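Engineer: Below is a structure I'd like to ask you about.
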Amino acid sequence: MNIVSIGGGPAGLLFGILMKLQDPAHRIRIIERNRPDDTFGWGVVFSDETLGNIAAADPVTTAAITAAFAHWTDIDIHYRGEVITSTGHGFSGMSRKHLLNILQDRAASLGVELVFETEVTDLAPYADADLILAADGVNSRIRDLYAAHFEPQIDFRPNRFTWLGTTRKFDAFSFFFKQNADGLFRVHAYRFDDVHSTFIVETTDATWRKAGLDTASEDESVAYCERLFAEELQGHPLLKNKSVWRSFPNIKARHWSHENIVLMGDAAHTAHFSIGSGTKLAMEDAIGLARAVDANPSVPEALAAYEAERRPQVEATQRAAQTSLQWFEETERYFGTLEPIQFAASLLTRSLRITHQNLKLRDPKLIDRLDRWFAAKAANQSGVNFPVEPPPPPMFTPFRLRDLVLANRVVVSPMCMYSAEDGMPNDFHLVHLGSRAIGGAGLVMTEMTDISPEGRITPGCAGMWKPAQAAAWKRVVDFVHANSAAKIGLQLAHAGRKGSTKLMWEGIDEPLEAGNWPIIAASPIPYLPESQVPRPMDRADMDQVRDDFVRAARLADQAGFDIIELHFAHGYLLASFLSPLTNLRRDTYGGSIENRMRFPLEVFDAVRDAWPRAKPMSVRISATDWVPGGFDGADAVAVATMLKAHGCDIVDVSAGQTTPDAQPVYGRLFQTPFADRVRQEAAIPTMTVGNISTYEDVNSILTAGRADLCVLARAHLYDPYWTHHAATEQGYQLPWPNQYISVQNYQPRFK
């Protein structure tokens, strides 16, 4: 093959090496705009996993790279006068310049043609190539030249950073957090050879401007950072290398190839430096593409196979990098509120790739300290004197809301069952909720339960508008209280514009074919084009809905529920007031977030007055509409702050489902960052939902302070005894009912 790589970075060089190893007859040219010894930045980081991938592809190159490594296992977190060290992290660093020289020498020895100081702005000179690599980095000219085909998306992040070096040799990967009159600065520092360390300084745009760094020269910026971090540098200087302040570009491309041109490395995708994966991704791209070319008979087939294999892996890394970079963008949120050990837990688990359990395997002493701290906090918060030697897994610590004490932090999520008749719960609800209470959860929530017949989503929705329903619910509540340690809560709602529709399995959100009832909302906007148009609520409607919520709350107390939750989320009636996409009112109930919150707060206040003072109340919100111009994170904090001022005890933070054109970003724990933000910025306890499925995730969320309770839906549908099984896997014993006592020491033979 005749192969040309535009760009002589790690991706292009390693690909050239691997293709020559496959067939020395390949002609491979690498065209690089810089000189052989030019490089920008300082050190690069590899995980042990990455090294294994490169070793399998080319042991000779790997041996040369590992010989130059500075290896470490510790992470030092410098926070508010304390240094917290976490061990067991296998990483290696080396000079980027040295890495390039190793790859250049290896490529040249195999016959790869290296052409330096050549800028490529047109591919016409390479029309004879069978395969062209666009490996020309973040500012790829080839990607831009064919942007209509690659469809790149570039998101420049708000933080500012400068990539510096220093002669101080750090013994661990070190994070520094330092505040001065201008604001908070963060440093990512690590040694990469016997003489030098990387020293990346990062801060918010506002702090950068306040410090005058937006107008400072490179030398002035270096001097500012040297003064600020004089103690941390211990007399060593900072070194520059085109160390201008930049914004990190998140780069994605809808397509990675066009005809015989393929994007690689930073030209195709970036991952924030806080997870140290940029060079890793580039080199693994090279390995994947070489493998695909070897295994497929044509270039188009090879490029399709390469993208099919690599894209899921890259996107998983980018999701982790996104959560990591957001943590550093929002460090101010944690800096003044979290105690040092919890700040460390939040930092170490920020990307969601490392969990509480991972850290326990890597650094059991740190996790023992963290768990003891968490248990002590839980004992103080709950007023419960429970055994803490050894400390229980964090998820099995108690939590108090007013006079209600939950035995653990696991919540069965409200899940609509569509199995009621005329709003009446029945045997299905008894078994469904009762089995999950016996299963060990600390709190079991009913499905969305509607306050009136016309407030239902479907004819199968449960209700609480008449005494007979309260009596039926009392049967469920009494069973839960008599046969488990769980508490039980009732979620109250009105469907609004999403009402009068078919059962989920008959056509979710589709209007009934017959028997429709009139629906109401903040504004006359149908949910779907074929949906009914809701009547905009007038004052009489508001009074009626408010009174219906109050009646339902009083019936809930008669039924013995421990907590009630008002549904302000997912586009239902009260949510339709909150979102600017569904509230177009021009009266005092529309416009600003304070006005849009006016009617929901009227309902909350009326219910709070009717609900016993000793019993807590929760509110579920959608923290984002996932639509530009819709309800967003700042709105969520404002709403939670108002709810707290009105006596709300905890906010159940969900997201989306406001409009059918939402573009949610799914993934593991995809809604937890919203709960984290609300908890920190509104200073109110939160519940988190959204693809939580493992006890590792629950413990990580809790110890990092991202939420106070974890709400699981599908996991509990799949396994009603999820909490008991989670306890067993952690070597912890929850009490079983007397009828199940024989299972105490049971050891399952399969999982």
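In the structure tokens, chains take the letters A, B, ... in the order shown, each chain's residues start at 1, and ligands count up from 1 in the order shown.
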Please list as a list of chain:residue names every residue within 8 Å of Ile84 in chain A, counting only C-alpha atoms and excluding residues in the same chain fewer than 4 positions away.
Structural biologist: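 Listed by chain and then number, they are A:Asp76, A:Ile77, A:His78, A:Tyr79, A:Pro340, A:Ile341, A:Ala344.
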Engineer: Would you mind exporting the chosen residues as a compact mmCIF listing (two decimals), in the first residue's frame, restricted to C-alpha atoms?
Structural biologist:
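Final output, selection.txt:
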```txt
# COMPACT_ATOMS: atom_id res chain seq x y z
CA ASP A 76 -1.30 13.58 46.44
CA ILE A 77 -4.22 15.96 46.93
CA HIS A 78 -3.24 19.28 48.53
CA TYR A 79 -6.39 20.86 49.94
CA PRO A 340 -10.67 17.12 53.07
CA ILE A 341 -11.36 13.38 53.04
CA ALA A 344 -10.42 13.64 47.99
```
Engineer: Select from range 270-507 of chain A everything DSSP, run on the backbone, classes as helix (DSSP H, G or I), then give the selection as number ranges by chain.
Structural biologist: A: 273-275, 278-295, 299-329, 331-335, 340-348, 356-362, 364-382, 394-396, 427-438, 453-455, 467-483, 496-498, 504-507
Engineer: When distances are computed from only C-alpha atoms, which of A:Ala704, A:Ala521, A:Leu578, A:Val711 shows the smallest separation from Ser592 in chain A?
Structural biologist: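 Closest candidate: A:Leu578.
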Engineer: So which residues touch Leu443 in chain A within 10 Å, counting only C-alpha atoms, skipping near sequence neighbours fewer than 6 positions away, as a PyMOL selection string?
Structural biologist: chain A and resi 405-413+436-437+485-489+562-563+709-711
Engineer: Enumerate the residues of range 476-717 of chain A with a DSSP assignment of strand (DSSP E or B), computed from the backbone, and present them as number ranges by chain.
Structural biologist: A: 487-493, 501, 511, 520-521, 535-536, 563-568, 617-622, 650-654, 686-688, 709-712
Engineer: Just C-alpha atoms for this one: save the residues we selected as a PDB file, in the first residue's frame.
Structural biologist:
```
ATOM      1  CA  LYS A 487     -40.159   3.141  55.157  1.00  0.00           C
ATOM      2  CA  ILE A 488     -42.649   3.927  52.420  1.00  0.00           C
ATOM      3  CA  GLY A 489     -43.408   7.140  50.576  1.00  0.00           C
ATOM      4  CA  LEU A 490     -46.175   8.324  48.279  1.00  0.00           C
ATOM      5  CA  GLN A 491     -45.393  10.340  45.150  1.00  0.00           C
ATOM      6  CA  LEU A 492     -48.251  12.731  44.338  1.00  0.00           C
ATOM      7  CA  ALA A 493     -48.769  14.272  40.914  1.00  0.00           C
ATOM      8  CA  THR A 501     -53.081   8.558  27.165  1.00  0.00           C
ATOM      9  CA  PRO A 511     -53.862   9.754  23.246  1.00  0.00           C
ATOM     10  CA  ILE A 520     -54.934  21.238  31.625  1.00  0.00           C
ATOM     11  CA  ALA A 521     -51.468  22.776  31.686  1.00  0.00           C
ATOM     12  CA  ARG A 535     -56.602  24.141  28.451  1.00  0.00           C
ATOM     13  CA  PRO A 536     -54.415  26.863  30.001  1.00  0.00           C
ATOM     14  CA  ILE A 563     -43.008  10.706  53.470  1.00  0.00           C
ATOM     15  CA  ILE A 564     -44.685  12.299  50.482  1.00  0.00           C
ATOM     16  CA  GLU A 565     -43.060  13.551  47.331  1.00  0.00           C
ATOM     17  CA  LEU A 566     -44.543  16.143  45.004  1.00  0.00           C
ATOM     18  CA  HIS A 567     -43.820  15.591  41.316  1.00  0.00           C
ATOM     19  CA  PHE A 568     -42.403  18.781  39.757  1.00  0.00           C
ATOM     20  CA  MET A 617     -41.546  16.132  52.207  1.00  0.00           C
ATOM     21  CA  SER A 618     -39.594  15.633  49.009  1.00  0.00           C
ATOM     22  CA  VAL A 619     -39.947  17.199  45.572  1.00  0.00           C
ATOM     23  CA  ARG A 620     -38.840  15.590  42.327  1.00  0.00           C
ATOM     24  CA  ILE A 621     -37.504  17.997  39.706  1.00  0.00           C
ATOM     25  CA  SER A 622     -36.092  17.679  36.200  1.00  0.00           C
ATOM     26  CA  ILE A 650     -34.889  16.711  50.216  1.00  0.00           C
ATOM     27  CA  VAL A 651     -34.908  17.167  46.438  1.00  0.00           C
ATOM     28  CA  ASP A 652     -35.197  14.137  44.169  1.00  0.00           C
ATOM     29  CA  VAL A 653     -33.158  15.211  41.150  1.00  0.00           C
ATOM     30  CA  SER A 654     -34.126  13.700  37.825  1.00  0.00           C
ATOM     31  CA  THR A 686     -30.644  15.251  47.395  1.00  0.00           C
ATOM     32  CA  MET A 687     -31.644  11.916  45.952  1.00  0.00           C
ATOM     33  CA  THR A 688     -30.034  10.883  42.682  1.00  0.00           C
ATOM     34  CA  LEU A 709     -29.869   8.810  48.868  1.00  0.00           C
ATOM     35  CA  CYS A 710     -29.593   6.661  45.731  1.00  0.00           C
ATOM     36  CA  VAL A 711     -32.755   5.850  43.807  1.00  0.00           C
ATOM     37  CA  LEU A 712     -32.768   2.682  41.707  1.00  0.00           C
TER      38      LEU A 712
END
```
Engineer: Within 7 Å of Ser484 in chain A, counting only C-alpha atoms, which residues show up once you throw out same-chain ones fewer than 4 positions away? Write them as a tab-separated table (two decimals) with N, CA and C atoms, in the first residue's frame, please.
Structural biologist:
```
chain	number	residue	atom	x	y	z
A	437	ALA	N	-39.68	-4.00	49.66
A	437	ALA	CA	-39.42	-3.62	51.05
A	437	ALA	C	-38.71	-4.76	51.77
A	438	ILE	N	-39.20	-5.98	51.61
A	438	ILE	CA	-38.52	-7.14	52.19
A	438	ILE	C	-37.12	-7.28	51.61
A	480	VAL	N	-45.68	-3.22	54.60
A	480	VAL	CA	-44.28	-2.80	54.58
A	480	VAL	C	-43.77	-2.57	56.00
A	737	PRO	N	-36.66	-10.98	57.41
A	737	PRO	CA	-37.85	-11.30	58.21
A	737	PRO	C	-37.73	-12.71	58.78
```
Engineer: Write out as a list in words which residues come within 10 Å of Lys20 in chain A when counting only C-alpha atoms, dropping same-chain ones fewer than 5 positions away.
Structural biologist: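 In the requested form, the answer reads Leu14, Phe15, Ala25, His26, Arg27, Ile28, Ala107, Leu110, Gly111, Val112 and Ala290 of chain A.
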Engineer: In Å, with one decimal, what is the gap from CA of Val262 in chain A to CA of Asp130 in chain A?
Structural biologist: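 If I compute the distance from CA of Val262 in chain A to CA of Asp130 in chain A, I get 11.3 Å.
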